[in-house]
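Dumped work.txt below, it's compact mmCIF, C-alpha atoms:
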# COMPACT_ATOMS: atom_id res chain seq x y z
CA MET D 1 2.99 19.23 27.09
CA ARG D 2 5.63 21.18 28.98
CA SER D 3 9.06 21.83 27.50
CA ILE D 4 11.98 20.42 29.51
CA TRP D 5 14.84 22.14 27.67
CA LYS D 6 15.45 25.16 25.47
CA GLY D 7 18.29 25.53 23.00
CA ALA D 8 19.03 25.72 19.30
CA ILE D 9 19.85 23.49 16.36
CA SER D 10 23.22 24.50 14.96
CA PHE D 11 23.32 23.69 11.25
CA GLY D 12 26.37 25.26 9.60
CA LEU D 13 25.91 28.99 10.13
CA VAL D 14 22.16 28.57 10.64
CA THR D 15 20.78 28.61 14.18
CA ILE D 16 17.24 27.40 14.86
CA PRO D 17 15.90 28.08 18.39
CA VAL D 18 13.82 25.14 19.62
CA LYS D 19 12.07 23.74 22.68
CA LEU D 20 12.45 20.10 23.72
CA TYR D 21 9.56 17.88 24.87
CA SER D 22 9.43 14.24 25.94
CA ALA D 23 7.82 12.32 23.09
CA THR D 24 6.88 9.28 25.16
CA GLU D 25 5.35 8.57 28.55
CA GLN D 26 5.23 5.37 30.58
CA LYS D 27 1.63 4.19 31.00
CA ASP D 28 2.00 2.28 34.22
CA VAL D 29 0.01 1.94 37.44
CA ALA D 30 1.85 3.83 40.18
CA PHE D 31 2.07 2.43 43.69
CA HIS D 32 3.30 3.71 47.05
CA GLN D 33 4.98 1.63 49.70
CA VAL D 34 2.61 1.53 52.67
CA HIS D 35 2.23 -0.11 56.06
CA ARG D 36 0.14 -3.26 55.58
CA GLU D 37 -1.73 -2.73 58.86
CA ASP D 38 -3.03 0.83 58.42
CA GLY D 39 -2.04 1.92 54.88
CA GLY D 40 0.32 4.63 56.13
CA ARG D 41 2.95 5.84 53.66
CA ILE D 42 6.51 4.60 54.21
CA ARG D 43 9.11 7.35 54.44
CA TYR D 44 12.87 6.93 54.12
CA LYS D 45 15.47 9.03 55.87
CA ARG D 46 18.82 9.99 54.35
CA VAL D 47 21.25 8.80 57.01
CA CYS D 48 25.04 9.05 56.93
CA THR D 49 26.70 5.67 57.45
CA VAL D 50 29.63 7.30 59.28
CA ASP D 51 27.97 9.32 62.05
CA GLY D 52 24.42 7.93 61.79
CA GLU D 53 22.92 11.44 61.50
CA GLU D 54 20.11 12.37 59.12
CA VAL D 55 21.45 14.52 56.26
CA ALA D 56 19.56 17.41 54.67
CA TYR D 57 19.22 17.25 50.91
CA ALA D 58 21.20 20.50 50.53
CA ASP D 59 24.20 18.84 52.21
CA ILE D 60 24.31 15.84 49.86
CA ALA D 61 27.08 15.73 47.22
CA LYS D 62 28.11 13.18 44.60
CA GLY D 63 30.81 10.71 45.48
CA TYR D 64 33.00 8.54 43.25
CA GLU D 65 34.34 5.39 44.92
CA LEU D 66 37.92 4.38 44.15
CA PRO D 67 38.99 0.71 43.88
CA THR D 68 40.60 1.17 47.32
CA GLY D 69 37.22 2.02 48.84
CA GLU D 70 38.10 5.69 49.31
CA MET D 71 35.52 8.26 48.20
CA VAL D 72 36.15 11.31 46.02
CA VAL D 73 33.56 14.00 46.77
CA LEU D 74 32.41 16.20 43.87
CA THR D 75 30.40 19.39 44.35
CA ASP D 76 28.15 21.35 41.97
CA GLU D 77 31.07 23.70 41.28
CA ASP D 78 33.14 20.79 39.96
CA PHE D 79 30.48 19.95 37.39
CA GLU D 80 30.06 23.57 36.32
CA ASP D 81 33.68 23.69 35.19
CA LEU D 82 33.29 20.75 32.82
CA PRO D 83 33.47 21.72 29.11
CA LEU D 84 29.99 20.97 27.74
CA THR D 85 30.07 22.88 24.46
CA THR D 86 26.62 21.55 23.53
CA SER D 87 24.92 22.63 26.76
CA ARG D 88 22.40 24.74 24.82
CA ARG D 89 23.02 23.54 21.27
CA ILE D 90 22.17 20.60 19.09
CA ASP D 91 25.22 20.40 16.83
CA VAL D 92 24.64 18.74 13.45
CA LEU D 93 27.73 16.58 12.76
CA GLN D 94 26.74 14.77 9.55
CA PHE D 95 23.89 13.29 7.53
CA THR D 96 23.59 9.55 6.99
CA PRO D 97 21.06 6.93 5.78
CA ALA D 98 18.80 5.82 8.64
CA GLU D 99 19.35 2.11 7.94
CA GLN D 100 23.04 2.48 8.81
CA ILE D 101 22.19 3.16 12.47
CA ASP D 102 21.39 0.08 14.54
CA PRO D 103 18.27 0.67 16.70
CA ILE D 104 20.17 -0.76 19.69
CA TYR D 105 21.86 2.64 20.02
CA PHE D 106 18.61 4.55 20.60
CA ALA D 107 17.86 5.53 24.21
CA LYS D 108 15.16 8.25 24.53
CA THR D 109 12.89 10.12 22.11
CA TYR D 110 11.99 13.84 22.16
CA TYR D 111 10.01 16.29 20.05
CA LEU D 112 11.48 19.63 18.96
CA GLU D 113 9.23 22.65 18.55
CA PRO D 114 10.53 25.86 16.94
CA ASP D 115 10.44 29.16 18.77
CA ALA D 116 8.42 31.88 17.04
CA GLN D 117 11.46 33.44 15.35
CA GLY D 118 12.80 30.04 14.27
CA SER D 119 9.81 28.70 12.36
CA LYS D 120 11.08 29.40 8.84
CA PRO D 121 14.58 27.88 9.19
CA TYR D 122 12.99 24.99 11.10
CA VAL D 123 10.60 24.22 8.21
CA LEU D 124 13.43 24.69 5.68
CA LEU D 125 15.70 22.14 7.39
CA ARG D 126 12.77 19.81 8.03
CA ASP D 127 11.71 19.72 4.39
CA ALA D 128 15.29 19.37 3.14
CA LEU D 129 16.02 16.52 5.55
CA GLU D 130 12.77 14.73 4.73
CA SER D 131 13.34 14.95 0.98
CA SER D 132 16.90 13.63 1.37
CA GLY D 133 15.70 10.43 3.01
CA GLN D 134 18.47 10.68 5.59
CA VAL D 135 18.83 11.51 9.27
CA ALA D 136 21.09 14.04 10.91
CA VAL D 137 23.67 12.76 13.39
CA VAL D 138 23.97 15.37 16.14
CA LYS D 139 25.56 15.90 19.53
CA VAL D 140 23.56 17.28 22.46
CA ALA D 141 23.93 17.65 26.25
CA LEU D 142 20.89 16.98 28.43
CA ARG D 143 20.95 16.88 32.23
CA GLN D 144 24.74 17.36 32.31
CA ARG D 145 25.34 14.39 30.03
CA GLU D 146 26.52 14.73 26.47
CA SER D 147 25.42 12.13 23.96
CA LEU D 148 25.08 11.42 20.29
CA ALA D 149 21.60 11.64 18.82
CA THR D 150 19.75 11.51 15.52
CA LEU D 151 17.42 14.09 14.10
CA ARG D 152 14.62 12.86 11.82
CA VAL D 153 11.17 14.00 10.71
CA ARG D 154 7.92 12.44 11.90
CA ASP D 155 4.48 13.92 11.19
CA GLY D 156 6.00 17.30 10.33
CA ILE D 157 8.01 17.52 13.57
CA PHE D 158 11.70 17.05 14.28
CA VAL D 159 12.25 13.98 16.45
CA LEU D 160 15.44 13.85 18.48
CA GLU D 161 16.53 10.37 19.56
CA THR D 162 19.43 10.26 21.98
CA MET D 163 21.91 7.43 21.49
CA LEU D 164 24.23 5.36 23.61
CA TRP D 165 27.97 5.59 23.06
CA PRO D 166 29.63 2.58 21.36
CA ASP D 167 31.32 1.45 24.60
CA GLU D 168 27.90 1.32 26.28
CA ILE D 169 26.70 -1.47 23.98
CA ARG D 170 27.42 -4.90 25.41
CA ALA D 171 28.89 -7.52 23.13
CA PRO D 172 26.82 -10.75 23.04
CA ASP D 173 28.92 -13.48 24.65
CA PHE D 174 26.88 -16.68 24.80
CA PRO D 175 28.20 -20.27 24.61
CA PHE D 176 25.75 -21.41 21.91
CA LEU D 177 27.36 -18.99 19.43
CA GLU D 178 30.44 -21.22 19.47
CA GLU D 179 28.45 -24.41 18.91
CA ASP D 180 28.06 -26.01 15.48
CA ILE D 181 24.26 -26.28 15.29
CA GLU D 182 22.93 -27.81 12.07
CA VAL D 183 19.60 -26.68 10.62
CA ARG D 184 18.09 -28.87 7.92
CA PRO D 185 16.98 -27.16 4.67
CA GLN D 186 13.38 -28.37 5.05
CA GLU D 187 13.23 -26.91 8.57
CA LEU D 188 14.51 -23.58 7.29
CA LYS D 189 11.98 -23.65 4.46
CA MET D 190 9.13 -24.37 6.87
CA ALA D 191 10.25 -21.55 9.20
CA GLU D 192 10.34 -19.16 6.23
CA SER D 193 6.83 -20.33 5.30
CA LEU D 194 5.63 -19.53 8.82
CA ILE D 195 7.13 -16.03 8.59
CA SER D 196 5.46 -15.51 5.21
CA THR D 197 2.09 -16.65 6.57
CA MET D 198 2.27 -14.24 9.51
CA GLU D 199 3.50 -11.27 7.46
CA ALA D 200 1.36 -8.12 7.81
CA ASP D 201 1.63 -4.34 7.93
CA PHE D 202 2.39 -3.11 11.43
CA ASP D 203 -0.49 -1.31 13.13
CA PRO D 204 0.42 -0.49 16.76
CA THR D 205 -3.23 0.28 17.62
CA GLU D 206 -4.02 -3.44 17.32
CA TYR D 207 -2.06 -4.17 20.50
CA HIS D 208 -2.71 -3.25 24.12
CA ASP D 209 -1.24 -3.77 27.58
CA ALA D 210 -3.38 -6.64 28.89
CA TYR D 211 -1.51 -6.80 32.20
CA ARG D 212 -2.05 -3.10 32.99
CA GLU D 213 -5.75 -3.36 32.09
CA ALA D 214 -6.19 -6.42 34.33
CA LEU D 215 -4.33 -4.67 37.16
CA GLN D 216 -6.61 -1.65 36.83
CA GLN D 217 -9.64 -3.95 37.08
CA VAL D 218 -8.23 -5.47 40.28
CA ILE D 219 -7.84 -1.98 41.77
CA GLU D 220 -11.37 -0.97 40.72
CA ALA D 221 -12.74 -4.18 42.25
CA LYS D 222 -10.94 -3.39 45.52
CA VAL D 223 -12.43 0.10 45.53
CA ALA D 224 -15.91 -1.23 44.86
CA GLY D 225 -15.54 -3.90 47.56
CA ARG D 226 -16.12 -6.74 45.16
CA GLU D 227 -14.46 -10.11 45.46
CA VAL D 228 -11.44 -10.39 43.20
CA VAL D 229 -11.18 -13.67 41.33
CA ALA D 230 -7.71 -14.49 40.06
CA ALA D 231 -7.51 -15.20 36.35
CA ARG D 232 -6.62 -18.74 35.41
CA GLU D 233 -3.04 -18.98 34.30
CA GLU D 234 -2.36 -20.58 30.96
CA GLU D 235 0.07 -23.46 30.96
CA GLU D 236 3.33 -22.61 29.26
CA ALA D 237 4.22 -24.83 26.37
CA GLY D 238 7.50 -26.68 26.70
CA PRO D 239 10.19 -26.79 24.03
CA ALA D 240 9.15 -28.56 20.85
CA VAL D 241 10.36 -32.15 20.65
CA ASP D 242 9.77 -32.44 16.91
CA LEU D 243 10.82 -29.08 15.45
CA MET D 244 9.50 -29.84 11.97
CA ALA D 245 6.09 -30.92 13.29
CA ALA D 246 5.85 -27.84 15.50
CA LEU D 247 6.68 -25.56 12.56
CA ARG D 248 4.14 -27.28 10.34
CA ALA D 249 1.43 -26.99 13.01
CA SER D 250 2.32 -23.31 13.52
CA VAL D 251 1.97 -22.60 9.79
CA GLU D 252 -1.45 -24.29 9.69
CA ALA D 253 -2.62 -22.41 12.78
CA ALA D 254 -1.44 -19.10 11.34
CA LYS D 255 -3.26 -19.81 8.08
CA ARG D 256 -6.50 -20.60 9.93
CA GLU D 257 -6.22 -17.46 12.02
CA ARG D 258 -5.53 -15.32 8.94
CA ALA D 259 -8.44 -16.91 7.05
CA GLY D 260 -10.79 -16.37 9.99
CA ALA D 261 -9.81 -12.72 10.29
CA SER D 262 -10.33 -12.00 6.60
CA ALA D 263 -13.62 -13.91 6.26
CA GLU D 264 -16.64 -11.65 5.88
CA PRO D 265 -20.18 -12.59 7.06
CA LYS D 266 -22.12 -14.12 4.19
CA PRO D 267 -25.43 -12.43 3.19
CA LYS D 268 -28.58 -14.42 3.94
CA PRO D 269 -30.05 -16.10 0.78
CA ARG D 270 -33.25 -14.61 -0.56
CA LYS D 271 -36.39 -16.71 -0.18
CA ALA D 272 -38.10 -17.87 -3.36
CA ALA D 273 -41.34 -16.04 -4.22
CA GLY D 274 -43.35 -19.26 -4.56
CA LYS D 275 -42.25 -20.59 -1.20
CA THR D 276 -42.94 -17.27 0.44
CA ALA D 277 -46.45 -17.12 -0.97
CA GLY D 278 -47.14 -20.73 0.03
CA ARG D 279 -45.95 -20.10 3.57
CA ALA D 280 -48.08 -16.95 3.75
CA ALA D 281 -51.20 -18.89 2.61
CA SER D 282 -50.47 -21.67 5.08
CA GLY D 283 -50.13 -19.14 7.87
CA ALA D 284 -53.46 -17.53 6.94
CA GLN D 285 -55.19 -20.96 7.03
CA LYS D 286 -53.80 -21.66 10.50
CA GLU D 287 -54.99 -18.28 11.74
CA LYS D 288 -58.49 -19.04 10.40
CA GLU D 289 -58.58 -22.43 12.19
CA LYS D 290 -57.54 -20.77 15.47
CA GLU D 291 -60.37 -18.22 15.13
CA GLU D 292 -62.89 -21.02 14.57
CA GLU D 293 -61.69 -22.83 17.69
CA LYS D 294 -62.22 -19.68 19.71
CA ALA D 295 -65.83 -19.21 18.37
CA PRO D 296 -68.80 -20.35 20.58
CA ALA D 297 -70.04 -23.94 20.15
CA LYS D 298 -73.48 -22.85 18.79
CA GLN D 299 -71.83 -20.80 16.07
CA ARG D 300 -69.71 -23.80 15.02
CA LYS D 301 -72.89 -25.99 14.84
CA THR D 302 -74.66 -23.40 12.69
CA ARG D 303 -71.75 -23.40 10.25
CA LYS D 304 -71.83 -27.24 10.06
CA SER D 305 -75.60 -27.40 9.37
CA ALA D 306 -75.27 -24.75 6.73
Show the structure stored in the file as structure tokens.
Amino acid sequence: MRSIWKGAISFGLVTIPVKLYSATEQKDVAFHQVHREDGGRIRYKRVCTVDGEEVAYADIAKGYELPTGEMVVLTDEDFEDLPLTTSRRIDVLQFTPAEQIDPIYFAKTYYLEPDAQGSKPYVLLRDALESSGQVAVVKVALRQRESLATLRVRDGIFVLETMLWPDEIRAPDFPFLEEDIEVRPQELKMAESLISTMEADFDPTEYHDAYREALQQVIEAKVAGREVVAAREEEEAGPAVDLMAALRASVEAAKRERAGASAEPKPKPRKAAGKTAGRAASGAQKEKEKEEEKAPAKQRKTRKSA
């Protein structure tokens, strides 16, 4: 991995120099836009809408559009003057229980590695934070944008998770929330039974991206020149007419699936000694009869006269 940022964790009067790495990567199949006829790459030109001229990247600035339609042009110098006190620091603001932070706030996850001279204070803060059972709420600026973040421990490494600001979280405004929808107690009980039946420890390795795998197979088939056969689409089930019946059927199906997964192959029963011996003797007799049939006719006559 390659670090994308260098700075320091500021914890009281303690400074811990660290390097920042992206903790996740998008596993997706990348495509280019191409000309259908000859496969040539499609290129886009940066053209000014005022004079129609192509603009070099060095001449492009950021513009903020006013409600009147007028544009305010901002240069790199304008951004340099902005007060980003956390441009090279991760400031610890407080410590709080992790369950108090709604996951909806989390945006991006990073790993923090200590610099050589910061290993001891890094391990000290890591162990103290892990034993406390809490997370650190911090403030950090990445790519000229300051944000809140949390600092927690995972597999012996500090994990930094940037967060959205409160005004960036949309409030749910849906009509059904105002409706008086009645749920019968037996329906609620059956739904709880379904949840209980499907309860299991989470193992992320049990799941995979079926769409990406199928797409990769399509690409490999194209490369190999094979005919690509489209997979048959499954019919989507419509909304349940009888909610109680659908819940009951779901519970039974979940129970069968769970029972099938936990069932172990049964060992084959041992054959009785007497039966085995009898079958062995019977087999020997058949072999003897076959040998006699293969013998010459004169030899069989001699055995009969004897």
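Considering all atoms listed in the file, the residue among D:Pro103, D:Pro17, D:Pro204, D:Gly69 positioned nearest to Leu164 (chain D) is D:Pro103.
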Shortest contact to Gly7 (chain D), candidates D:Ala249, D:Val123, D:Leu20, D:Ala214, atoms counted all atoms listed in the file, goes to D:Leu20
Nearest to Phe11 (chain D), chosen from D:Ala253, D:Ala210, D:Ala245, D:Leu129, with only C-alpha atoms counted in the distances =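 Going through D:Ala253, D:Ala210, D:Ala245, D:Leu129 one by one, the smallest distance to Phe11 (chain D) is for D:Leu129.
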Hey, can you check how far CA of Ala224 (chain D) sits from CA of Ile42 (chain D)?
-> 25.0 Å
Using all atoms listed in the file, which residue out of D:Lys120, D:Lys255, D:Lys108, D:Lys27 lies closest to Leu148 (chain D)?
-> D:Lys108
Residue among D:Glu130, D:Asp155, D:Glu168, D:Glu146 lying closest to Phe95 (chain D), counting all atoms listed in the file | D:Glu130
Long-range neighbours of Gln186 (chain D) as a CSV table (one decimal) with C-alpha atoms, keeping the file's coordinate frame, 12 Å cut-off, all atoms listed in the file, 3 positions minimum in chain:
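Below you can see selection_7.csv, which holds the result:
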chain,number,residue,atom,x,y,z
D,182,GLU,CA,22.9,-27.8,12.1
D,183,VAL,CA,19.6,-26.7,10.6
D,189,LYS,CA,12.0,-23.6,4.5
D,190,MET,CA,9.1,-24.4,6.9
D,191,ALA,CA,10.2,-21.6,9.2
D,192,GLU,CA,10.3,-19.2,6.2
D,193,SER,CA,6.8,-20.3,5.3
D,243,LEU,CA,10.8,-29.1,15.4
D,244,MET,CA,9.5,-29.8,12.0
D,245,ALA,CA,6.1,-30.9,13.3
D,247,LEU,CA,6.7,-25.6,12.6
D,248,ARG,CA,4.1,-27.3,10.3
Of the residues D:Asp209, D:Asp115, D:Asp102, D:Asp91, which is the one nearest to Ser10 (chain D), using only C-alpha atoms?
->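 Looking only at the distances to Ser10 (chain D), the closest residue turns out to be D:Asp91.
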What is the distance between CA of Asp201 (chain D) and CA of Glu257 (chain D), in Å to one decimal?
-> 15.8 Å
